[in-house]
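coords-v9.cif (mmCIF, C-alpha atoms)
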```cif
data_entry
loop_
_atom_site.label_atom_id
_atom_site.label_comp_id
_atom_site.auth_asym_id
_atom_site.auth_seq_id
_atom_site.Cartn_x
_atom_site.Cartn_y
_atom_site.Cartn_z
CA MET Q 1 125.76 125.01 101.10
CA SER Q 2 126.95 122.31 98.75
CA ALA Q 3 124.75 119.51 97.48
CA ALA Q 4 125.63 115.85 97.69
CA SER Q 5 124.74 113.61 94.80
CA LEU Q 6 121.62 111.49 94.74
CA SER Q 7 122.27 108.18 96.43
CA ALA Q 8 121.67 104.67 95.19
CA ALA Q 9 118.98 104.32 97.86
CA GLY Q 10 116.94 107.16 96.43
CA LEU Q 11 117.89 109.20 99.49
CA ALA Q 12 120.43 111.99 99.50
CA VAL Q 13 121.18 115.07 101.45
CA THR Q 14 122.67 118.47 100.94
CA ALA Q 15 125.78 118.59 103.06
CA SER Q 16 126.26 121.77 105.05
CA PRO Q 17 129.40 122.65 107.01
CA LEU Q 18 129.03 122.12 110.73
CA HIS Q 19 131.25 123.58 113.42
CA ASN Q 20 132.39 121.40 116.28
CA SER Q 21 130.13 122.52 119.11
CA THR Q 22 132.81 121.85 121.71
CA THR Q 23 134.99 124.53 120.18
CA ALA Q 24 132.11 126.93 119.85
CA MET Q 25 131.22 126.44 123.51
CA ALA Q 26 134.79 126.94 124.65
CA SER Q 27 134.93 130.39 123.09
CA THR Q 28 131.80 131.63 124.83
CA THR Q 29 131.74 129.96 128.24
CA SER Q 30 133.89 129.35 131.22
CA ALA Q 31 135.09 125.83 131.96
CA GLY Q 32 132.33 123.46 133.05
CA SER Q 33 129.38 125.62 132.03
CA LEU Q 34 127.30 126.52 129.03
CA PRO Q 35 125.90 129.95 128.22
CA PRO Q 36 122.72 130.42 130.25
CA VAL Q 37 119.62 130.87 128.16
CA SER Q 38 116.27 131.95 129.50
CA ALA Q 39 113.32 129.60 129.59
CA ALA Q 40 111.58 131.75 127.03
CA SER Q 41 114.31 131.01 124.54
CA VAL Q 42 113.48 127.32 124.49
CA ALA Q 43 109.71 127.65 124.45
CA ALA Q 44 109.71 127.06 120.72
CA PRO Q 45 108.41 123.76 119.34
CA ALA Q 46 110.55 120.66 119.77
CA PRO Q 47 113.56 120.71 117.45
CA SER Q 48 113.55 118.91 114.17
CA VAL Q 49 116.24 118.15 111.66
CA THR Q 50 115.63 118.85 108.02
CA VAL Q 51 117.81 116.55 105.98
CA THR Q 52 118.38 117.77 102.48
CA LEU Q 53 118.30 115.78 99.32
CA SER Q 54 120.48 116.72 96.44
CA GLY Q 55 119.45 116.87 92.95
CA THR Q 56 120.32 115.79 89.55
CA THR Q 57 123.97 114.87 89.38
CA ALA Q 58 123.60 111.11 89.99
CA ALA Q 59 123.01 108.54 87.32
CA ALA Q 60 119.52 107.15 87.03
CA ALA Q 61 118.78 104.17 89.27
CA PRO Q 62 117.95 100.83 87.67
CA ALA Q 63 114.32 100.44 86.73
CA VAL Q 64 113.74 97.90 89.45
CA TYR Q 65 114.53 100.60 92.01
CA GLY Q 66 113.13 103.55 90.06
CA LEU Q 67 111.98 106.52 92.14
CA PRO Q 68 110.17 109.78 91.35
CA PRO Q 69 112.55 112.53 90.27
CA ILE Q 70 113.37 115.35 92.66
CA LYS Q 71 112.49 118.63 91.02
CA ALA Q 72 114.27 120.99 93.41
CA ALA Q 73 117.39 120.37 95.47
CA PRO Q 74 116.47 120.87 99.13
CA VAL Q 75 118.73 122.52 101.66
CA TRP Q 76 119.19 122.20 105.40
CA GLN Q 77 116.41 124.23 106.95
CA ASP Q 78 116.90 123.46 110.64
CA ALA Q 79 118.41 120.73 112.77
CA GLY Q 80 118.26 119.95 116.45
CA ILE Q 81 118.27 117.46 119.29
CA ALA Q 82 116.09 117.55 122.40
CA ILE Q 83 117.88 116.34 125.53
CA THR Q 84 116.70 115.68 129.07
CA THR Q 85 119.35 115.40 131.76
CA ALA Q 86 119.16 112.98 134.66
CA SER Q 87 118.63 116.00 136.93
CA GLY Q 88 115.57 117.02 134.92
CA ARG Q 89 117.04 119.86 132.85
CA SER Q 90 116.04 120.37 129.21
CA ILE Q 91 118.69 121.15 126.61
CA THR Q 92 118.30 121.86 122.91
CA LEU Q 93 121.07 121.65 120.32
CA SER Q 94 120.19 123.35 117.05
CA LEU Q 95 122.06 123.93 113.82
CA GLN Q 96 122.25 127.59 112.83
CA ASP Q 97 122.29 129.08 109.33
CA ASP Q 98 126.02 129.72 109.58
CA GLY Q 99 126.71 126.07 110.43
CA SER Q 100 127.38 126.59 114.14
CA ILE Q 101 125.55 124.68 116.84
CA ALA Q 102 123.53 126.73 119.32
CA ILE Q 103 122.71 125.48 122.80
CA ALA Q 104 119.63 126.43 124.81
CA THR Q 105 118.72 125.35 128.33
CA ASP Q 106 115.52 125.66 130.32
CA GLY Q 107 116.86 128.10 132.88
CA ASP Q 108 119.60 130.53 133.82
CA ALA Q 109 121.48 128.14 136.10
CA PRO Q 110 124.63 126.68 134.52
CA LEU Q 111 124.83 122.99 133.76
CA SER Q 112 127.00 120.78 135.90
CA ASP Q 113 130.48 119.87 134.76
CA ALA Q 114 129.29 116.35 133.88
CA GLU Q 115 126.30 117.70 131.93
CA THR Q 116 128.53 120.17 130.09
CA ALA Q 117 131.01 117.47 129.09
CA ALA Q 118 128.26 115.05 128.05
CA THR Q 119 126.52 117.73 125.98
CA ALA Q 120 129.77 118.65 124.25
CA LYS Q 121 130.34 114.99 123.42
CA LEU Q 122 126.78 114.68 122.16
CA SER Q 123 127.21 117.70 119.88
CA THR Q 124 130.08 115.88 118.18
CA ALA Q 125 127.82 112.82 117.77
CA PHE Q 126 125.16 115.14 116.38
CA LYS Q 127 127.58 116.38 113.71
CA SER Q 128 128.56 112.78 112.85
CA ALA Q 129 124.90 111.82 112.45
CA LEU Q 130 124.25 114.73 110.10
CA ASP Q 131 127.43 114.06 108.12
CA GLY Q 132 126.36 110.44 107.72
CA MET Q 133 122.97 111.43 106.36
CA ALA Q 134 124.70 113.91 104.04
CA SER Q 135 126.96 111.30 102.50
CA ALA Q 136 126.24 109.63 99.17
CA PRO Q 137 124.93 107.06 99.53
CA PRO Q 138 123.56 107.99 102.95
CA ARG Q 139 124.89 106.03 105.89
CA LEU Q 140 123.55 105.80 109.38
CA ASP Q 141 125.96 107.06 112.04
CA LEU Q 142 124.09 107.05 115.33
CA ASP Q 143 126.75 105.35 117.44
CA GLY Q 144 127.47 108.48 119.46
CA LEU Q 145 123.80 109.09 120.14
CA ALA Q 146 123.06 105.45 120.95
CA GLN Q 147 125.96 105.23 123.39
CA VAL Q 148 125.09 108.36 125.40
CA ASP Q 149 125.62 107.96 129.15
CA THR Q 150 122.03 107.86 130.44
CA ARG Q 151 123.24 108.37 134.00
CA ILE Q 152 123.93 111.99 132.95
CA LEU Q 153 121.68 112.58 129.91
CA SER Q 154 118.61 110.48 130.54
CA SER Q 155 117.07 110.82 127.09
CA VAL Q 156 117.96 112.01 123.60
CA HIS Q 157 115.55 112.66 120.73
CA LEU Q 158 116.63 113.45 117.19
CA ALA Q 159 113.79 114.11 114.73
CA ALA Q 160 114.81 114.65 111.11
CA GLN Q 161 112.78 115.61 108.08
CA ALA Q 162 113.94 116.20 104.54
CA VAL Q 163 111.73 118.33 102.32
CA SER Q 164 111.62 119.22 98.63
CA ASP Q 165 109.12 121.59 97.10
CA ASN Q 166 107.59 121.91 100.59
CA GLN Q 167 106.95 118.18 100.76
CA ALA Q 168 108.56 115.70 103.16
CA ILE Q 169 110.57 113.12 101.25
CA GLN Q 170 112.47 111.54 104.14
CA THR Q 171 112.02 111.41 107.91
CA ILE Q 172 114.36 110.07 110.56
CA ASP Q 173 113.44 109.71 114.21
CA PHE Q 174 115.86 108.47 116.88
CA ARG Q 175 115.06 108.06 120.56
CA GLY Q 176 117.38 106.76 123.23
CA ASP Q 177 117.14 106.40 127.01
CA ALA Q 178 117.94 103.85 129.70
CA THR Q 179 115.29 101.37 128.53
CA THR Q 180 115.01 101.84 124.76
CA ARG Q 181 116.99 102.58 121.64
CA ALA Q 182 114.87 103.07 118.55
CA VAL Q 183 115.20 104.56 115.09
CA LYS Q 184 112.65 104.99 112.33
CA ILE Q 185 113.55 106.03 108.80
CA GLU Q 186 111.04 106.67 106.02
CA GLY Q 187 111.91 107.93 102.58
CA LEU Q 188 111.47 107.44 98.87
CA ALA Q 189 113.25 104.08 98.93
CA GLY Q 190 111.25 102.63 101.81
CA LYS Q 191 110.91 102.34 105.56
CA ILE Q 192 113.21 101.09 108.34
CA ASP Q 193 112.11 100.56 111.94
CA VAL Q 194 114.40 99.14 114.63
CA SER Q 195 113.64 99.12 118.35
CA VAL Q 196 115.71 97.50 121.11
CA ASP Q 197 114.35 96.88 124.62
CA LEU Q 198 117.05 97.57 127.21
CA SER Q 199 114.78 97.14 130.24
CA SER Q 200 116.04 93.61 131.01
CA PRO Q 201 119.84 93.81 131.01
CA ALA Q 202 120.04 90.44 132.78
CA ILE Q 203 119.48 88.57 129.49
CA ALA Q 204 122.46 90.25 127.81
CA GLY Q 205 125.39 87.94 127.24
CA SER Q 206 129.06 88.72 127.04
CA LYS Q 207 130.29 91.07 124.36
CA THR Q 208 131.66 88.06 122.48
CA GLN Q 209 128.25 86.38 122.55
CA GLN Q 210 126.55 89.57 121.44
CA ALA Q 211 129.00 90.07 118.59
CA SER Q 212 128.35 86.50 117.42
CA ALA Q 213 124.58 86.99 117.63
CA ILE Q 214 124.71 90.30 115.73
CA ALA Q 215 126.82 88.67 113.01
CA ASN Q 216 124.22 85.89 112.74
CA VAL Q 217 121.37 88.41 112.41
CA LEU Q 218 123.24 90.37 109.74
CA LYS Q 219 123.78 87.11 107.87
CA GLN Q 220 120.00 86.61 107.93
CA PHE Q 221 119.58 90.11 106.49
CA ASP Q 222 122.05 89.32 103.69
CA GLN Q 223 120.30 86.05 102.88
CA ALA Q 224 116.92 87.79 102.75
CA ALA Q 225 118.31 90.60 100.59
CA SER Q 226 119.80 88.10 98.15
CA ARG Q 227 116.63 86.00 97.91
CA GLY Q 228 114.31 88.98 97.65
CA HIS Q 229 116.43 91.29 95.48
CA ALA Q 230 116.41 94.09 98.06
CA ASN Q 231 117.67 97.60 97.40
CA PRO Q 232 121.34 97.31 98.46
CA ALA Q 233 121.63 100.84 99.84
CA LEU Q 234 118.43 100.58 101.87
CA MET Q 235 119.50 97.19 103.22
CA SER Q 236 122.89 98.63 104.16
CA MET Q 237 121.16 101.31 106.25
CA PHE Q 238 118.97 98.63 107.85
CA LYS Q 239 122.04 96.63 108.86
CA ASP Q 240 123.65 99.76 110.29
CA ALA Q 241 120.47 100.58 112.22
CA PHE Q 242 120.28 97.13 113.79
CA THR Q 243 123.98 97.05 114.64
CA GLN Q 244 123.99 100.50 116.23
CA MET Q 245 120.75 100.02 118.17
CA SER Q 246 121.98 96.62 119.42
CA ALA Q 247 125.43 97.90 120.41
CA PRO Q 248 126.76 95.56 123.10
CA GLY Q 249 126.18 96.44 126.71
CA GLY Q 250 127.45 93.13 128.00
CA LEU Q 251 127.49 91.51 131.40
CA ASP Q 252 129.89 94.18 132.62
CA THR Q 253 127.31 96.92 132.11
CA PRO Q 254 126.66 98.74 135.40
CA GLY Q 255 123.20 98.75 136.91
CA LEU Q 256 122.10 95.19 136.17
CA THR Q 257 118.82 94.25 137.78
CA ARG Q 258 118.60 91.85 140.71
CA SER Q 259 117.37 89.08 138.42
CA SER Q 260 120.77 89.01 136.73
CA SER Q 261 121.90 86.69 139.53
CA TRP Q 262 119.34 84.17 138.34
CA LEU Q 263 121.12 83.44 135.06
CA ASP Q 264 124.33 81.47 134.91
CA ASP Q 265 126.86 80.71 132.17
CA THR Q 266 124.75 77.82 130.87
CA ASP Q 267 121.69 80.04 130.48
CA HIS Q 268 123.68 82.69 128.62
CA ALA Q 269 125.20 80.06 126.33
CA LEU Q 270 121.69 79.05 125.23
CA LEU Q 271 120.28 82.58 124.90
CA SER Q 272 121.22 84.80 121.95
CA GLY Q 273 122.95 87.31 124.22
CA LEU Q 274 121.06 90.23 122.66
CA ALA Q 275 118.47 92.47 124.24
CA ASP Q 276 114.98 91.86 122.87
CA PHE Q 277 114.23 93.66 119.63
CA THR Q 278 111.88 94.24 116.74
CA ALA Q 279 113.20 95.26 113.33
CA SER Q 280 111.60 95.70 109.93
CA ILE Q 281 112.44 96.99 106.48
CA THR Q 282 109.85 97.68 103.79
CA GLN Q 283 110.99 98.72 100.34
CA THR Q 284 108.79 101.05 98.33
CA ALA Q 285 106.94 98.90 95.78
CA THR Q 286 107.28 99.71 92.08
CA ALA Q 287 105.43 98.52 88.99
CA PRO Q 288 108.13 98.30 86.30
CA ASN Q 289 106.01 96.34 83.81
CA PRO Q 290 103.50 98.60 82.02
CA TYR Q 291 102.04 95.56 80.29
CA ARG Q 292 101.02 94.06 83.66
CA SER Q 293 100.80 96.86 86.18
CA ASN Q 294 99.54 94.49 88.88
CA GLU Q 295 103.01 92.91 89.13
CA HIS Q 296 105.09 94.71 91.72
CA ASP Q 297 108.73 94.66 92.67
CA ALA Q 298 108.54 94.69 96.46
CA PHE Q 299 110.53 93.62 99.50
CA SER Q 300 109.71 93.42 103.20
CA PHE Q 301 111.50 91.67 106.03
CA GLN Q 302 110.69 91.54 109.74
CA THR Q 303 112.48 89.96 112.67
CA SER Q 304 111.96 89.98 116.43
CA GLN Q 305 113.16 88.42 119.66
CA ARG Q 306 111.14 88.06 122.87
CA THR Q 307 112.54 86.68 126.14
CA GLN Q 308 110.76 85.85 129.39
CA VAL Q 309 112.28 84.92 132.74
CA THR Q 310 109.74 83.50 135.20
CA GLY Q 311 109.70 81.78 138.57
CA ARG Q 312 109.47 82.52 142.30
CA ASN Q 313 113.24 82.54 142.70
CA ALA Q 314 116.46 81.51 141.01
CA THR Q 315 116.14 77.85 142.00
CA GLU Q 316 112.70 77.58 140.34
CA ARG Q 317 113.31 79.72 137.29
CA GLY Q 318 112.08 79.25 133.76
CA ILE Q 319 113.42 80.97 130.66
CA SER Q 320 111.97 81.15 127.17
CA GLN Q 321 113.24 82.96 124.10
CA ILE Q 322 111.41 83.12 120.79
CA THR Q 323 113.03 84.57 117.67
CA THR Q 324 111.16 84.94 114.37
CA THR Q 325 111.74 86.22 110.84
CA GLN Q 326 109.42 86.81 107.88
CA LEU Q 327 110.29 87.67 104.30
CA HIS Q 328 107.91 88.67 101.52
CA ALA Q 329 109.30 89.76 98.16
CA SER Q 330 108.52 89.85 94.46
CA PHE Q 331 110.63 90.90 91.50
CA HIS Q 332 111.12 90.70 87.73
CA SER Q 333 114.21 89.21 86.13
CA ALA Q 334 115.44 88.45 82.63
CA LEU Q 335 115.20 84.96 81.13
CA SER Q 336 118.97 84.91 80.71
CA PRO Q 337 121.95 87.19 81.41
CA ASP Q 338 122.31 87.72 77.67
CA ALA Q 339 118.75 89.04 77.36
CA PRO Q 340 118.50 92.32 79.30
CA LEU Q 341 115.16 93.15 80.85
CA ASN Q 342 113.35 95.92 78.96
CA LEU Q 343 109.64 95.72 79.72
CA THR Q 344 107.34 97.93 77.63
CA ASP Q 345 103.76 97.93 76.35
CA ASP Q 346 104.92 95.83 73.40
CA PRO Q 347 104.14 92.11 73.91
CA LYS Q 348 107.44 91.33 72.20
CA SER Q 349 109.24 92.78 75.23
CA GLN Q 350 107.39 90.51 77.62
CA ASN Q 351 110.05 87.85 78.08
CA TYR Q 352 110.85 87.53 81.78
CA TYR Q 353 110.47 85.72 85.07
CA PHE Q 354 108.23 87.10 87.82
CA THR Q 355 109.16 85.61 91.18
CA GLN Q 356 107.25 85.77 94.45
CA ILE Q 357 108.85 84.71 97.73
CA ALA Q 358 107.29 83.97 101.13
CA ASP Q 359 109.65 82.76 103.88
CA ASP Q 360 109.45 82.46 107.64
CA ALA Q 361 111.59 81.00 110.39
CA GLN Q 362 111.31 80.57 114.15
CA SER Q 363 113.49 79.48 117.04
CA ASN Q 364 111.90 78.52 120.36
CA LEU Q 365 114.18 77.94 123.34
CA SER Q 366 112.88 76.69 126.68
CA ILE Q 367 114.93 76.28 129.89
CA GLY Q 368 113.65 75.08 133.28
CA TYR Q 369 115.08 74.62 136.79
CA ARG Q 370 113.63 72.76 139.78
CA LYS Q 371 115.27 73.05 143.19
CA GLY Q 372 118.27 74.61 141.52
CA GLN Q 373 118.77 71.72 139.09
CA LEU Q 374 118.46 72.02 135.34
CA VAL Q 375 115.49 69.83 134.31
CA LYS Q 376 114.69 71.17 130.83
CA ALA Q 377 116.67 72.57 127.93
CA SER Q 378 114.99 72.20 124.57
CA LEU Q 379 115.25 74.00 121.26
CA THR Q 380 112.82 73.85 118.33
CA GLN Q 381 113.68 75.54 115.07
CA THR Q 382 111.67 75.73 111.85
CA ALA Q 383 112.50 77.32 108.51
CA ASN Q 384 110.08 77.56 105.58
CA GLN Q 385 110.71 78.90 102.09
CA SER Q 386 108.25 79.21 99.23
CA THR Q 387 109.29 80.35 95.75
CA ASP Q 388 106.66 80.87 93.05
CA ARG Q 389 108.22 81.63 89.65
CA LEU Q 390 106.18 82.54 86.58
CA LYS Q 391 107.77 82.53 83.16
CA TYR Q 392 106.50 84.71 80.31
CA VAL Q 393 107.47 84.49 76.65
CA MET Q 394 106.12 87.07 74.19
CA GLY Q 395 103.56 88.10 76.79
CA GLN Q 396 102.23 84.57 77.33
CA LYS Q 397 102.62 82.66 80.58
CA VAL Q 398 104.36 79.41 79.74
CA GLU Q 399 105.39 78.21 83.19
CA ASP Q 400 104.26 78.52 86.81
CA VAL Q 401 106.40 76.62 89.30
CA THR Q 402 106.05 76.77 93.08
CA THR Q 403 108.92 75.35 95.10
CA PRO Q 404 108.31 74.82 98.81
CA LEU Q 405 111.13 73.96 101.18
CA ARG Q 406 110.40 73.22 104.83
CA LYS Q 407 112.56 71.94 107.64
CA SER Q 408 112.05 71.54 111.36
CA GLN Q 409 114.52 70.51 114.02
CA GLN Q 410 114.02 69.61 117.68
CA ARG Q 411 116.97 69.31 120.02
CA ASP Q 412 117.02 68.09 123.60
CA LEU Q 413 120.07 69.80 125.06
CA LEU Q 414 119.55 68.49 128.58
CA PRO Q 415 121.78 65.38 128.37
CA LEU Q 416 124.71 67.40 127.02
CA LEU Q 417 124.38 70.06 129.71
CA GLN Q 418 123.94 67.54 132.51
CA GLU Q 419 127.10 65.80 131.38
CA MET Q 420 128.95 69.11 131.51
CA GLU Q 421 127.64 69.72 135.03
CA ARG Q 422 128.78 66.29 136.21
CA HIS Q 423 132.34 67.15 135.24
CA PRO Q 424 132.99 70.71 136.43
CA PRO Q 425 136.35 72.14 135.35
CA GLN Q 426 139.12 71.92 137.93
CA THR Q 427 142.06 73.50 136.16
CA ALA Q 428 142.62 76.62 134.07
CA ARG Q 429 142.94 74.46 130.99
CA GLU Q 430 139.62 72.73 131.72
CA ARG Q 431 137.94 76.09 132.35
CA ASP Q 432 139.19 77.37 128.99
CA ALA Q 433 137.87 74.21 127.33
CA ARG Q 434 134.47 74.71 128.97
CA THR Q 435 134.38 78.31 127.77
CA ARG Q 436 135.06 77.15 124.22
CA ASP Q 437 132.39 74.43 124.51
CA LEU Q 438 129.79 76.94 125.71
CA ALA Q 439 130.75 79.34 122.89
CA SER Q 440 130.32 76.55 120.34
CA LEU Q 441 126.96 75.64 121.89
CA HIS Q 442 125.87 79.28 121.75
CA ASP Q 443 126.65 79.55 118.04
CA SER Q 444 124.80 76.31 117.32
CA VAL Q 445 121.50 77.43 118.89
CA LEU Q 446 121.19 80.76 117.04
CA LEU Q 447 118.30 81.05 114.58
CA ARG Q 448 118.79 79.60 111.11
CA THR Q 449 116.54 80.97 108.36
CA ASP Q 450 117.72 78.65 105.58
CA PRO Q 451 116.03 75.22 105.76
CA VAL Q 452 119.14 73.62 104.28
CA SER Q 453 121.16 74.76 107.32
CA LEU Q 454 118.97 72.73 109.69
CA ALA Q 455 120.53 69.31 110.00
#
```
For this file, write the structure as structure tokens.
Amino acid sequence: MSAASLSAAGLAVTASPLHNSTTAMASTTSAGSLPPVSAASVAAPAPSVTVTLSGTTAAAAPAVYGLPPIKAAPVWQDAGIAITTASGRSITLSLQDDGSIAIATDGDAPLSDAETAATAKLSTAFKSALDGMASAPPRLDLDGLAQVDTRILSSVHLAAQAVSDNQAIQTIDFRGDATTRAVKIEGLAGKIDVSVDLSSPAIAGSKTQQASAIANVLKQFDQAASRGHANPALMSMFKDAFTQMSAPGGLDTPGLTRSSSWLDDTDHALLSGLADFTASITQTATAPNPYRSNEHDAFSFQTSQRTQVTGRNATERGISQITTTQLHASFHSALSPDAPLNLTDDPKSQNYYFTQIADDAQSNLSIGYRKGQLVKASLTQTANQSTDRLKYVMGQKVEDVTTPLRKSQQRDLLPLLQEMERHPPQTARERDARTRDLASLHDSVLLRTDPVSLA
């Protein structure tokens, strides 16, 4: 097996050749079935994936992102996915030593044609996920797993662990079913945790709305990464995780709950369009200044959305959606671009800025209907930033400046929406204009984390 180079994120994997499981199955089974395997053959512990980290070929990471060296290059030890079908069958996909993918079921009966096809498709997604983790730098490729048809395969669980010298240095855990998509990643560079609640599909907007909302969230991630000096590779994986877990389902998704009839175009224009979520990234803290070991380079960012739809019926409904973000970071930087940072025990090297950041933002949307009429549509947004910068010259603190920036905005959207209701569109041109107006309104109510962006 060949080894991939150490990634910029401090995470890398040894790439091993994988065979396309669809081809492997075709050579050993008849059409529409998989090789029957006895129940005893799948009585082993739940499958896990061992992601390998490569060794010593990469250049050293900058000191601000320094990580412990890897003494031995790990290799793929085992890899697998646990699947439960909608009919209750258990299936295991596991990577063999020769790179092929073995399939085990919980009984001798063949799988249905639909289960066979879905499993074959999932094996390809399995290979893509492993290839992504084996790339340098690692990239998250869980699209195929996240988009599995839960009407056929009700749940999918990928558990991954990378080891070196018999110690775990990275773990990846993905779970997907009809109500949840979630992925957790923990490694030398830090931790990523993204969970999306799919149990209330009624709050999902159109694919256009969802795409706009995802773009807005990724912009928040970029702003936080820039302010907090985040590890670029780790942040890239975080963005991929959020995007793939929040993949649009849209209003055209089958199986919407009865409450979907409660929400109209106006409601969806005010809501983000995304399923509720929680997401966090925590970078492994380092202490790059031996002269002051209590100063850490660190980065953590959390965001969440929570939506509630209440009321006895559609004519008396109430809707609330709260979205929050928090950023905490600290980092060292040089006094000028011409003076590179080189912190040692020598006081003469102690010429630098140490910056600490604490930000938070919140958006609170409230919608109310009485007797079928819109009576409340309000939006409150706040964004707070605090920057504390200490300046050291020759080891002496010469400056300590804290810069707070706070902004709050309250908007009563009811008059605008009532005006739109008083003039319903009559022609195709007017309907197109209304669609554009609602799209513009939707973009304007999305969370803003920068106080300057709040008018």
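Comparing the minimum interatomic distances between Thr243 (chain Q) and each of Q:Leu142, Q:Ile172, Q:Ala269, Q:Ala102, counting all atoms listed in the file, we find that Q:Leu142 sits nearest.
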Exercise for the section: Figure out the distance between CA of Asp432 (chain Q) and CA of Leu218 (chain Q), please, to one decimal in Å. Expected result: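 It comes out at 28.2 Å.
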Exercise for the section: Rank nothing, just name the residue among Q:Leu122, Q:Ile91, Q:Leu341, Q:Ala241 nearest to Phe174 (chain Q), using all atoms listed in the file. Expected result: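 Closest to Phe174 (chain Q), using all atoms listed in the file: Q:Ala241.
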Handout entry: Between CA of Leu438 (chain Q) and CA of His423 (chain Q), distance in Å (one decimal)
Key =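 A separation of 13.9 Å between them.
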Exercise for the section: Could you give me, as number ranges by chain, the residues within 8 Å of region 404-416 of chain Q, counting all atoms listed in the file and dropping anything in the same chain fewer than 2 positions from it? Expected result: Q: 374-387, 402, 418-420, 451-452, 454-455
Practice task
Please measure the separation of CA of Phe238 (chain Q) and CA of Ser200 (chain Q), giving the value in Å to one decimal.
Solution key: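 Between these atoms lies a distance of 23.9 Å.
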Give me the region 189-297 of chain Q side of the contact with region 301-313 of chain Q, cut-off 7 Å, one line per residue showing its nearest atom pair and distance in Å at one decimal, counting only C-alpha atoms, sorted by chain and residue number, as a tab-separated table.
```
residue	atom	partner	partner_atom	distance
Q:Asp276	CA	Q:Gln305	CA	5.0
Q:Phe277	CA	Q:Gln305	CA	5.3
Q:Thr278	CA	Q:Ser304	CA	4.3
Q:Ala279	CA	Q:Thr303	CA	5.4
Q:Ser280	CA	Q:Gln302	CA	4.3
Q:Ile281	CA	Q:Phe301	CA	5.4
Q:Thr282	CA	Q:Phe301	CA	6.6
```
Region 77-158 of chain Q residues near region 177-194 of chain Q within 12 Å, closest pair each, using only C-alpha atoms, as a Markdown table:
```
| residue | atom | partner | partner_atom | distance |
| --- | --- | --- | --- | --- |
| Q:Ile83 | CA | Q:Asp177 | CA | 10.1 |
| Q:Thr84 | CA | Q:Asp177 | CA | 9.5 |
| Q:Thr85 | CA | Q:Asp177 | CA | 10.4 |
| Q:Ala86 | CA | Q:Asp177 | CA | 10.3 |
| Q:Met133 | CA | Q:Ile185 | CA | 11.1 |
| Q:Pro138 | CA | Q:Gly187 | CA | 11.7 |
| Q:Arg139 | CA | Q:Ile185 | CA | 11.7 |
| Q:Leu140 | CA | Q:Ile185 | CA | 10.0 |
| Q:Asp141 | CA | Q:Val183 | CA | 11.5 |
| Q:Leu142 | CA | Q:Val183 | CA | 9.2 |
| Q:Asp143 | CA | Q:Arg181 | CA | 11.0 |
| Q:Leu145 | CA | Q:Arg181 | CA | 9.5 |
| Q:Ala146 | CA | Q:Arg181 | CA | 6.7 |
| Q:Gln147 | CA | Q:Arg181 | CA | 9.5 |
| Q:Val148 | CA | Q:Asp177 | CA | 8.3 |
| Q:Asp149 | CA | Q:Ala178 | CA | 8.7 |
| Q:Thr150 | CA | Q:Ala178 | CA | 5.8 |
| Q:Arg151 | CA | Q:Ala178 | CA | 8.2 |
| Q:Ile152 | CA | Q:Asp177 | CA | 10.6 |
| Q:Leu153 | CA | Q:Asp177 | CA | 8.2 |
| Q:Ser154 | CA | Q:Asp177 | CA | 5.6 |
| Q:Ser155 | CA | Q:Asp177 | CA | 4.4 |
| Q:Val156 | CA | Q:Asp177 | CA | 6.6 |
| Q:His157 | CA | Q:Asp177 | CA | 9.0 |
| Q:Leu158 | CA | Q:Val183 | CA | 9.2 |
```
Handout entry: Q:Lys121, Q:Lys127, Q:Lys239, Q:Arg175 ranked by distance to Lys219 (chain Q), top pick (using all atoms listed in the file)
Key = Q:Lys239
Exercise for the section: Report as a list in words the residues that result from applying the PyMOL selection byres ((chain Q and resi 441) around 12) to the structure here. Expected result: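 Expected selection for the PyMOL selection byres ((chain Q and resi 441) around 12) here is Gln209, Ser212, Asp265, Thr266, Asp267, His268, Ala269, Leu270, Leu271, Ser272, Leu379, Arg411, Leu413, Leu416, Leu417, Met420, Arg434, Thr435, Arg436, Asp437, Leu438, Ala439, Ser440, His442, Asp443, Ser444, Val445 and Leu446 of chain Q.
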Practice task
Run the PyMOL selection byres ((chain Q and resi 321) around 7) on the file and write out the hits as a VMD selection string.
Solution key: chain Q and resid 306 to 308 319 to 320 322 to 323 364 to 366
Handout entry: Closest of Q:Gln362, Q:Asn231, Q:Gln283, Q:Gln396 to Ser349 (chain Q) - atom-to-atom distances counting all atoms listed in the file
Key = Q:Gln396
